[in-house]
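A.B. asks: So here's structure.csv, just CSV, N, CA and C atoms:
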chain,number,residue,atom,x,y,z
A,1,MET,N,0.8,-1.2,0.0
A,1,MET,CA,0.0,0.0,0.0
A,1,MET,C,0.9,1.2,0.0
A,2,LYS,N,1.9,1.3,0.9
A,2,LYS,CA,2.8,2.4,0.9
A,2,LYS,C,3.5,2.6,-0.4
A,3,LYS,N,3.9,1.4,-1.0
A,3,LYS,CA,4.6,1.5,-2.3
A,3,LYS,C,3.7,2.1,-3.4
A,4,ASN,N,2.4,1.8,-3.4
A,4,ASN,CA,1.5,2.4,-4.4
A,4,ASN,C,1.4,3.9,-4.1
A,5,LEU,N,1.2,4.3,-2.9
A,5,LEU,CA,1.1,5.7,-2.6
A,5,LEU,C,2.4,6.4,-3.0
A,6,LEU,N,3.5,5.8,-2.7
A,6,LEU,CA,4.8,6.5,-3.1
A,6,LEU,C,4.9,6.6,-4.6
A,7,ARG,N,4.5,5.5,-5.3
A,7,ARG,CA,4.5,5.6,-6.8
A,7,ARG,C,3.5,6.6,-7.3
A,8,ILE,N,2.4,6.7,-6.8
A,8,ILE,CA,1.4,7.7,-7.3
A,8,ILE,C,1.9,9.1,-7.0
A,9,ALA,N,2.5,9.3,-5.8
A,9,ALA,CA,3.0,10.7,-5.4
A,9,ALA,C,4.2,11.0,-6.4
A,10,LEU,N,5.1,10.1,-6.7
A,10,LEU,CA,6.2,10.3,-7.6
A,10,LEU,C,5.7,10.6,-9.0
A,11,ILE,N,4.7,9.9,-9.4
A,11,ILE,CA,4.2,10.1,-10.8
A,11,ILE,C,3.5,11.5,-10.8
A,12,SER,N,2.8,11.8,-9.8
A,12,SER,CA,2.1,13.1,-9.8
A,12,SER,C,3.1,14.2,-9.8
A,13,PHE,N,4.2,14.1,-9.0
A,13,PHE,CA,5.2,15.1,-9.0
A,13,PHE,C,5.9,15.2,-10.4
A,14,LEU,N,6.2,14.1,-11.0
A,14,LEU,CA,6.8,14.1,-12.3
A,14,LEU,C,5.9,14.8,-13.3
A,15,PHE,N,4.7,14.4,-13.3
A,15,PHE,CA,3.7,14.9,-14.3
A,15,PHE,C,3.6,16.4,-14.1
A,16,THR,N,3.5,16.9,-12.9
A,16,THR,CA,3.4,18.3,-12.6
A,16,THR,C,4.6,19.1,-13.1
A,17,GLY,N,5.8,18.5,-12.8
A,17,GLY,CA,7.0,19.1,-13.2
A,17,GLY,C,7.2,19.2,-14.7
A,18,LEU,N,6.8,18.1,-15.4
A,18,LEU,CA,6.8,18.1,-16.9
A,18,LEU,C,5.9,19.1,-17.5
A,19,SER,N,4.7,19.3,-16.9
A,19,SER,CA,3.8,20.2,-17.5
A,19,SER,C,4.3,21.6,-17.4
A,20,PHE,N,5.1,21.9,-16.4
A,20,PHE,CA,5.6,23.3,-16.2
A,20,PHE,C,6.7,23.6,-17.3
A,21,VAL,N,7.4,22.6,-17.7
A,21,VAL,CA,8.5,22.8,-18.7
A,21,VAL,C,7.9,22.5,-20.1
A,22,GLY,N,6.7,22.2,-20.3
A,22,GLY,CA,6.1,22.0,-21.6
A,22,GLY,C,6.2,20.6,-22.1
A,23,ALA,N,6.9,19.7,-21.4
A,23,ALA,CA,7.1,18.4,-21.9
A,23,ALA,C,5.8,17.5,-21.8
A,24,GLY,N,4.9,18.0,-21.0
A,24,GLY,CA,3.7,17.2,-20.8
A,24,GLY,C,2.8,17.2,-22.0
A,25,ASN,N,3.0,18.1,-23.0
A,25,ASN,CA,2.3,18.1,-24.2
A,25,ASN,C,3.0,17.3,-25.3
A,26,HIS,N,4.2,16.8,-25.0
A,26,HIS,CA,4.9,16.1,-26.0
A,26,HIS,C,4.3,14.7,-26.2
A,27,LEU,N,4.0,14.4,-27.5
A,27,LEU,CA,3.4,13.1,-27.8
A,27,LEU,C,4.5,12.2,-28.4
A,28,GLN,N,4.3,10.9,-28.1
A,28,GLN,CA,5.3,9.9,-28.6
A,28,GLN,C,5.0,9.8,-30.1
A,29,ALA,N,6.0,9.5,-30.9
A,29,ALA,CA,5.9,9.4,-32.3
A,29,ALA,C,5.1,8.2,-32.6
A,30,GLN,N,4.3,8.3,-33.7
A,30,GLN,CA,3.5,7.2,-34.2
A,30,GLN,C,4.4,6.0,-34.6
A,31,ILE,N,4.1,4.8,-34.2
A,31,ILE,CA,4.9,3.7,-34.6
A,31,ILE,C,4.0,2.7,-35.3
A,32,THR,N,4.3,2.3,-36.5
A,32,THR,CA,3.6,1.3,-37.2
A,32,THR,C,4.3,0.0,-37.2
A,33,THR,N,3.6,-1.1,-37.0
A,33,THR,CA,4.2,-2.4,-37.0
A,33,THR,C,3.5,-3.4,-37.9
A,34,PRO,N,4.2,-4.4,-38.3
A,34,PRO,CA,3.5,-5.4,-39.1
A,34,PRO,C,2.4,-6.1,-38.3
A,35,ALA,N,1.2,-6.3,-38.9
A,35,ALA,CA,0.1,-6.9,-38.2
A,35,ALA,C,0.5,-8.3,-37.8
A,36,GLY,N,-0.1,-8.7,-36.6
A,36,GLY,CA,0.1,-10.1,-36.2
A,36,GLY,C,1.1,-10.4,-35.2
A,37,ASN,N,2.1,-9.5,-35.0
A,37,ASN,CA,3.1,-9.8,-34.0
A,37,ASN,C,2.7,-9.1,-32.7
A,38,LEU,N,2.3,-9.8,-31.7
A,38,LEU,CA,1.8,-9.3,-30.5
A,38,LEU,C,2.9,-8.6,-29.7
A,39,PHE,N,4.1,-9.0,-29.9
A,39,PHE,CA,5.2,-8.5,-29.0
A,39,PHE,C,5.9,-7.3,-29.6
A,40,ASP,N,5.5,-6.8,-30.8
A,40,ASP,CA,6.1,-5.6,-31.3
A,40,ASP,C,5.5,-4.4,-30.6
A,41,PRO,N,6.2,-3.3,-30.7
A,41,PRO,CA,5.6,-2.0,-30.2
A,41,PRO,C,4.2,-1.8,-30.8
A,42,ALA,N,3.3,-1.3,-29.9
A,42,ALA,CA,1.9,-1.1,-30.4
A,42,ALA,C,1.9,0.1,-31.4
A,43,PRO,N,1.1,0.0,-32.4
A,43,PRO,CA,1.0,1.1,-33.3
A,43,PRO,C,0.1,2.2,-32.8
A,44,GLY,N,0.3,3.4,-33.2
A,44,GLY,CA,-0.5,4.6,-32.8
A,44,GLY,C,0.2,5.6,-32.0
A,45,GLN,N,-0.6,6.6,-31.5
A,45,GLN,CA,-0.1,7.6,-30.6
A,45,GLN,C,-0.6,7.4,-29.2
A,46,PHE,N,0.2,7.5,-28.3
A,46,PHE,CA,-0.1,7.3,-26.9
A,46,PHE,C,0.1,8.5,-26.0
A,47,VAL,N,-0.5,8.4,-24.8
A,47,VAL,CA,-0.3,9.5,-23.8
A,47,VAL,C,1.1,9.4,-23.4
A,48,SER,N,1.5,10.5,-22.7
A,48,SER,CA,2.9,10.6,-22.2
A,48,SER,C,3.1,9.5,-21.1
A,49,SER,N,4.3,9.2,-20.8
A,49,SER,CA,4.6,8.2,-19.8
A,49,SER,C,4.0,8.5,-18.4
A,50,PRO,N,4.1,9.7,-17.9
A,50,PRO,CA,3.5,10.0,-16.6
A,50,PRO,C,2.0,9.7,-16.6
A,51,VAL,N,1.3,10.1,-17.7
A,51,VAL,CA,-0.1,9.9,-17.8
A,51,VAL,C,-0.4,8.4,-17.9
A,52,ALA,N,0.4,7.7,-18.7
A,52,ALA,CA,0.2,6.2,-18.8
A,52,ALA,C,0.3,5.5,-17.5
A,53,LEU,N,1.3,6.0,-16.7
A,53,LEU,CA,1.5,5.4,-15.3
A,53,LEU,C,0.3,5.6,-14.4
A,54,LEU,N,-0.2,6.8,-14.5
A,54,LEU,CA,-1.4,7.1,-13.7
A,54,LEU,C,-2.6,6.2,-14.1
A,55,ARG,N,-2.8,6.1,-15.4
A,55,ARG,CA,-3.9,5.3,-15.9
A,55,ARG,C,-3.7,3.8,-15.6
A,56,LEU,N,-2.5,3.3,-15.7
A,56,LEU,CA,-2.2,2.0,-15.3
A,56,LEU,C,-2.5,1.7,-13.8
A,57,ASP,N,-2.0,2.7,-13.0
A,57,ASP,CA,-2.3,2.5,-11.5
A,57,ASP,C,-3.8,2.5,-11.2
A,58,GLN,N,-4.6,3.3,-11.9
A,58,GLN,CA,-6.0,3.3,-11.7
A,58,GLN,C,-6.6,2.0,-12.2
A,59,ALA,N,-6.1,1.5,-13.3
A,59,ALA,CA,-6.7,0.2,-13.8
A,59,ALA,C,-6.3,-1.0,-12.9
A,60,ILE,N,-5.2,-0.9,-12.2
A,60,ILE,CA,-4.7,-2.0,-11.4
A,60,ILE,C,-5.5,-2.1,-10.1
A,61,VAL,N,-6.1,-1.0,-9.6
A,61,VAL,CA,-6.8,-1.1,-8.3
A,61,VAL,C,-8.0,-2.1,-8.4
A,62,PRO,N,-8.9,-2.0,-9.4
A,62,PRO,CA,-10.0,-3.0,-9.4
A,62,PRO,C,-9.5,-4.4,-9.6
A,63,LEU,N,-8.4,-4.6,-10.3
A,63,LEU,CA,-7.8,-6.0,-10.4
A,63,LEU,C,-7.4,-6.5,-9.1
A,64,LYS,N,-6.7,-5.7,-8.3
A,64,LYS,CA,-6.3,-6.1,-7.0
A,64,LYS,C,-7.5,-6.4,-6.1
A,65,ASN,N,-8.5,-5.6,-6.2
A,65,ASN,CA,-9.7,-5.8,-5.4
A,65,ASN,C,-10.4,-7.2,-5.8
A,66,THR,N,-10.4,-7.5,-7.0
A,66,THR,CA,-10.9,-8.8,-7.5
A,66,THR,C,-10.1,-9.9,-6.9
A,67,MET,N,-8.8,-9.8,-7.0
A,67,MET,CA,-7.9,-10.8,-6.4
A,67,MET,C,-8.1,-11.0,-4.9
A,68,GLU,N,-8.3,-9.9,-4.2
A,68,GLU,CA,-8.5,-10.0,-2.8
A,68,GLU,C,-9.9,-10.6,-2.4
A,69,GLN,N,-10.9,-10.4,-3.3
A,69,GLN,CA,-12.2,-10.9,-3.0
A,69,GLN,C,-12.4,-12.4,-3.5
A,70,ASN,N,-11.5,-12.9,-4.2
A,70,ASN,CA,-11.6,-14.3,-4.7
A,70,ASN,C,-10.4,-15.1,-4.2
A,71,SER,N,-10.6,-16.4,-4.2
A,71,SER,CA,-9.5,-17.3,-3.8
A,71,SER,C,-8.7,-17.7,-5.0
A,72,PRO,N,-7.4,-17.8,-4.7
A,72,PRO,CA,-6.4,-18.2,-5.7
A,72,PRO,C,-6.9,-19.5,-6.4
A,73,GLY,N,-6.8,-19.5,-7.7
A,73,GLY,CA,-7.2,-20.7,-8.4
A,73,GLY,C,-8.6,-20.6,-9.0
A,74,SER,N,-9.4,-19.7,-8.5
A,74,SER,CA,-10.7,-19.5,-9.0
A,74,SER,C,-10.6,-18.7,-10.4
A,75,PRO,N,-11.6,-18.9,-11.3
A,75,PRO,CA,-11.5,-18.2,-12.6
A,75,PRO,C,-11.4,-16.7,-12.5
A,76,ALA,N,-12.1,-16.1,-11.6
A,76,ALA,CA,-12.1,-14.7,-11.4
A,76,ALA,C,-10.7,-14.2,-10.9
A,77,TYR,N,-10.2,-14.9,-10.0
A,77,TYR,CA,-8.8,-14.6,-9.5
A,77,TYR,C,-7.8,-14.7,-10.5
A,78,ASP,N,-7.8,-15.8,-11.2
A,78,ASP,CA,-6.8,-16.1,-12.3
A,78,ASP,C,-6.9,-15.0,-13.4
A,79,GLN,N,-8.0,-14.7,-13.8
A,79,GLN,CA,-8.2,-13.7,-14.9
A,79,GLN,C,-7.6,-12.3,-14.4
A,80,ALA,N,-8.0,-11.9,-13.2
A,80,ALA,CA,-7.5,-10.6,-12.6
A,80,ALA,C,-6.0,-10.7,-12.4
A,81,PHE,N,-5.5,-11.8,-12.0
A,81,PHE,CA,-4.0,-12.0,-11.8
A,81,PHE,C,-3.3,-11.8,-13.1
A,82,ARG,N,-3.7,-12.5,-14.1
A,82,ARG,CA,-3.1,-12.4,-15.4
A,82,ARG,C,-3.0,-10.9,-15.9
A,83,LYS,N,-4.2,-10.3,-15.9
A,83,LYS,CA,-4.2,-8.9,-16.4
A,83,LYS,C,-3.4,-8.0,-15.5
A,84,TYR,N,-3.5,-8.2,-14.2
A,84,TYR,CA,-2.7,-7.4,-13.2
A,84,TYR,C,-1.2,-7.6,-13.5
A,85,SER,N,-0.8,-8.8,-13.8
A,85,SER,CA,0.6,-9.1,-14.1
A,85,SER,C,1.1,-8.3,-15.3
A,86,TYR,N,0.2,-8.3,-16.4
A,86,TYR,CA,0.5,-7.6,-17.6
A,86,TYR,C,0.6,-6.1,-17.4
A,87,TYR,N,-0.4,-5.5,-16.7
A,87,TYR,CA,-0.4,-4.1,-16.5
A,87,TYR,C,0.8,-3.7,-15.6
A,88,ASN,N,1.1,-4.5,-14.6
A,88,ASN,CA,2.3,-4.2,-13.8
A,88,ASN,C,3.6,-4.3,-14.5
A,89,ALA,N,3.7,-5.3,-15.4
A,89,ALA,CA,4.9,-5.4,-16.3
A,89,ALA,C,5.1,-4.1,-17.2
A,90,VAL,N,4.0,-3.7,-17.8
A,90,VAL,CA,4.0,-2.5,-18.6
A,90,VAL,C,4.4,-1.3,-17.8
A,91,SER,N,3.8,-1.1,-16.6
A,91,SER,CA,4.1,0.0,-15.8
A,91,SER,C,5.6,0.0,-15.4
A,92,ASN,N,6.2,-1.2,-15.1
A,92,ASN,CA,7.6,-1.2,-14.7
A,92,ASN,C,8.5,-0.9,-15.9
A,93,LEU,N,8.1,-1.4,-17.1
A,93,LEU,CA,8.9,-1.1,-18.3
A,93,LEU,C,8.9,0.4,-18.6
A,94,ILE,N,7.8,1.1,-18.4
A,94,ILE,CA,7.7,2.5,-18.6
A,94,ILE,C,8.6,3.2,-17.6
A,95,ILE,N,8.5,2.8,-16.3
A,95,ILE,CA,9.4,3.4,-15.3
A,95,ILE,C,10.9,3.2,-15.7
A,96,ASP,N,11.2,2.1,-16.3
A,96,ASP,CA,12.5,1.8,-16.7
A,96,ASP,C,13.0,2.5,-17.9
A,97,GLY,N,12.1,3.3,-18.5
A,97,GLY,CA,12.5,4.2,-19.7
A,97,GLY,C,11.9,3.8,-21.0
A,98,LYS,N,11.2,2.7,-21.1
A,98,LYS,CA,10.6,2.3,-22.4
A,98,LYS,C,9.5,3.3,-22.8
A,99,THR,N,9.2,3.4,-24.1
A,99,THR,CA,8.1,4.2,-24.5
A,99,THR,C,6.8,3.4,-24.2
A,100,VAL,N,5.7,4.0,-24.2
A,100,VAL,CA,4.4,3.3,-23.9
A,100,VAL,C,4.2,2.2,-25.0
A,101,ALA,N,4.5,2.5,-26.2
A,101,ALA,CA,4.3,1.5,-27.3
A,101,ALA,C,5.2,0.3,-27.1
A,102,GLU,N,6.4,0.6,-26.8
A,102,GLU,CA,7.4,-0.5,-26.5
A,102,GLU,C,7.0,-1.4,-25.3
A,103,ALA,N,6.5,-0.7,-24.3
A,103,ALA,CA,6.1,-1.4,-23.0
A,103,ALA,C,4.9,-2.3,-23.3
A,104,ILE,N,4.0,-1.9,-24.1
A,104,ILE,CA,2.8,-2.7,-24.4
A,104,ILE,C,3.2,-4.0,-25.0
A,105,GLY,N,4.2,-4.0,-26.0
A,105,GLY,CA,4.6,-5.2,-26.6
A,105,GLY,C,5.5,-6.1,-25.7
A,106,GLU,N,6.5,-5.4,-25.1
A,106,GLU,CA,7.4,-6.2,-24.2
A,106,GLU,C,6.7,-6.7,-23.0
A,107,GLY,N,5.8,-6.0,-22.4
A,107,GLY,CA,5.1,-6.4,-21.3
A,107,GLY,C,4.3,-7.7,-21.6
A,108,LEU,N,3.7,-7.7,-22.8
A,108,LEU,CA,2.9,-8.9,-23.2
A,108,LEU,C,3.8,-10.1,-23.3
A,109,GLN,N,5.0,-9.9,-23.8
A,109,GLN,CA,6.0,-11.0,-23.9
A,109,GLN,C,6.3,-11.6,-22.5
A,110,LYS,N,6.4,-10.7,-21.5
A,110,LYS,CA,6.7,-11.2,-20.2
A,110,LYS,C,5.6,-12.1,-19.6
A,111,VAL,N,4.4,-11.9,-20.0
A,111,VAL,CA,3.3,-12.7,-19.4
A,111,VAL,C,2.8,-13.8,-20.4
A,112,SER,N,3.6,-14.0,-21.4
A,112,SER,CA,3.2,-15.0,-22.4
A,112,SER,C,3.9,-16.4,-22.1
A,113,THR,N,4.5,-16.5,-20.9
A,113,THR,CA,5.1,-17.7,-20.5
A,113,THR,C,4.2,-18.7,-20.0
A,114,ASP,N,4.6,-19.9,-19.8
A,114,ASP,CA,3.8,-21.0,-19.3
A,114,ASP,C,3.2,-20.8,-18.0
A,115,GLU,N,4.0,-20.0,-17.2
A,115,GLU,CA,3.5,-19.6,-15.8
A,115,GLU,C,2.1,-19.0,-15.8
A,116,PHE,N,1.8,-18.2,-16.8
A,116,PHE,CA,0.6,-17.5,-16.8
A,116,PHE,C,-0.5,-18.2,-17.6
A,117,ASN,N,-0.1,-19.1,-18.5
A,117,ASN,CA,-1.0,-19.9,-19.3
A,117,ASN,C,-2.1,-19.1,-20.0
A,118,ILE,N,-1.7,-18.1,-20.8
A,118,ILE,CA,-2.6,-17.2,-21.5
A,118,ILE,C,-2.7,-17.6,-22.9
A,119,SER,N,-3.8,-17.8,-23.5
A,119,SER,CA,-3.9,-18.1,-24.9
A,119,SER,C,-3.6,-16.9,-25.8
A,120,GLN,N,-3.2,-17.2,-27.0
A,120,GLN,CA,-2.9,-16.1,-28.0
A,120,GLN,C,-4.0,-15.2,-28.1
A,121,LYS,N,-5.2,-15.7,-28.2
A,121,LYS,CA,-6.4,-14.9,-28.3
A,121,LYS,C,-6.6,-13.9,-27.2
A,122,LEU,N,-6.4,-14.4,-26.0
A,122,LEU,CA,-6.5,-13.6,-24.8
A,122,LEU,C,-5.4,-12.6,-24.7
A,123,LEU,N,-4.2,-13.0,-25.1
A,123,LEU,CA,-3.1,-12.0,-25.2
A,123,LEU,C,-3.4,-10.9,-26.1
A,124,GLY,N,-4.0,-11.2,-27.2
A,124,GLY,CA,-4.4,-10.1,-28.2
A,124,GLY,C,-5.5,-9.2,-27.6
A,125,THR,N,-6.4,-9.8,-26.8
A,125,THR,CA,-7.4,-9.0,-26.2
A,125,THR,C,-6.8,-8.1,-25.1
A,126,TYR,N,-5.9,-8.6,-24.3
A,126,TYR,CA,-5.3,-7.8,-23.3
A,126,TYR,C,-4.5,-6.6,-23.9
A,127,ARG,N,-3.8,-7.0,-25.0
A,127,ARG,CA,-3.0,-5.9,-25.7
A,127,ARG,C,-4.0,-4.8,-26.2
A,128,GLN,N,-5.1,-5.2,-26.9
A,128,GLN,CA,-6.0,-4.2,-27.4
A,128,GLN,C,-6.6,-3.4,-26.3
A,129,GLU,N,-7.0,-4.0,-25.2
A,129,GLU,CA,-7.5,-3.2,-24.1
A,129,GLU,C,-6.5,-2.2,-23.6
A,130,LEU,N,-5.3,-2.6,-23.5
A,130,LEU,CA,-4.3,-1.6,-23.0
A,130,LEU,C,-4.0,-0.5,-24.0
A,131,ILE,N,-4.0,-0.9,-25.3
A,131,ILE,CA,-3.9,0.1,-26.3
A,131,ILE,C,-5.0,1.2,-26.2
A,132,ASN,N,-6.2,0.7,-26.0
A,132,ASN,CA,-7.4,1.6,-25.9
A,132,ASN,C,-7.2,2.4,-24.6
A,133,LEU,N,-6.7,1.9,-23.5
A,133,LEU,CA,-6.5,2.6,-22.3
A,133,LEU,C,-5.5,3.7,-22.4
A,134,LEU,N,-4.4,3.5,-23.2
A,134,LEU,CA,-3.3,4.4,-23.2
A,134,LEU,C,-3.2,5.2,-24.5
A,135,LYS,N,-4.1,5.1,-25.4
A,135,LYS,CA,-4.0,5.9,-26.6
A,135,LYS,C,-4.5,7.3,-26.4
A,136,LEU,N,-4.1,8.2,-27.3
A,136,LEU,CA,-4.6,9.6,-27.2
A,136,LEU,C,-6.1,9.6,-27.5
Go ahead and render the structure in this file as structure tokens.
C.D. replies:
Amino acid sequence: MKKNLLRIALISFLFTGLSFVGAGNHLQAQITTPAGNLFDPAPGQFVSSPVALLRLDQAIVPLKNTMEQNSPGSPAYDQAFRKYSYYNAVSNLIIDGKTVAEAIGEGLQKVSTDEFNISQKLLGTYRQELINLLKL
């Protein structure tokens, strides 16, 4: 809980600072990729990294609540855990300096392992949901 509050405070501070120097209006360049490769950078224009981190933090809260309200191994828990793991991976990649588009592809690759047992169709669904959440 303290880690999340610290992360939100840091992101808010960064976002406020960037908006004062005009960098908050900077958009990431549009990236086009060949269709069909889920792990490539996502195509399109996305919000800035600080805004993406705020949106990801907001999207993670209901996933954590679902996990807390269900027992591990239940379908609801497993679905929330998979999506939480993807969103968290993307958030960490953005914090590490990746663009939003790069983080969407690379984060998906991190959760495509046998540990998470996510079908290609579901990976594509998660990717599209995140693109919709983070696009301009």
A.B. asks: Determine, counting only C-alpha atoms, which protein, DNA and RNA residues have an atom within 12 Å of an atom of Thr125 in chain A; residues of the same chain fewer than 5 positions away are not included. Present the result as number ranges by chain.
C.D. replies: A: 38, 83, 86, 108, 118-120, 130-132
A.B. asks: How far is it from atom N of Glu102 in chain A to CA of Asp57 in chain A, in Å with one decimal?
C.D. replies: 17.7 Å
A.B. asks: With all atoms listed in the file as the atoms that count, which of A:Leu54, A:Gly107, A:Gln128, A:Ser48 lies nearest to Ala89 in chain A?
C.D. replies: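 Of A:Leu54, A:Gly107, A:Gln128, A:Ser48, the one nearest Ala89 in chain A is A:Gly107, counting all atoms listed in the file.
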A.B. asks: Can you work out which one of A:Ala80, A:Val100, A:Val61, A:Val111 has the shortest atom-to-atom distance to Phe46 in chain A, counting all atoms listed in the file?
C.D. replies: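 The answer is A:Val100, which sits nearest to Phe46 in chain A.
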A.B. asks: Go through A:Leu63, A:Val47, A:Leu53, A:Phe39 one by one, measure the shortest atom-to-atom distance of each to Ile94 in chain A using only C-alpha atoms, and give the residue with the smallest value.
C.D. replies: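 Nearest to Ile94 in chain A: A:Leu53.
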A.B. asks: Work out how far CA of Tyr77 in chain A is from CA of Tyr126 in chain A, in Å to one decimal.
C.D. replies: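 Interatomic distance here is 15.8 Å.
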A.B. asks: Using only N, CA and C atoms, find the one residue out of A:Lys98, A:Phe116, A:Pro43, A:Leu56 that sits nearest to Arg82 in chain A.
C.D. replies: A:Phe116
A.B. asks: Can you tell me, as a VMD selection string, what residues are no more than 7 Å from Ala42 in chain A when counting only C-alpha atoms, ignoring any on the same chain fewer than 5 positions away?
C.D. replies: chain A and resid 101 to 102 104 to 105
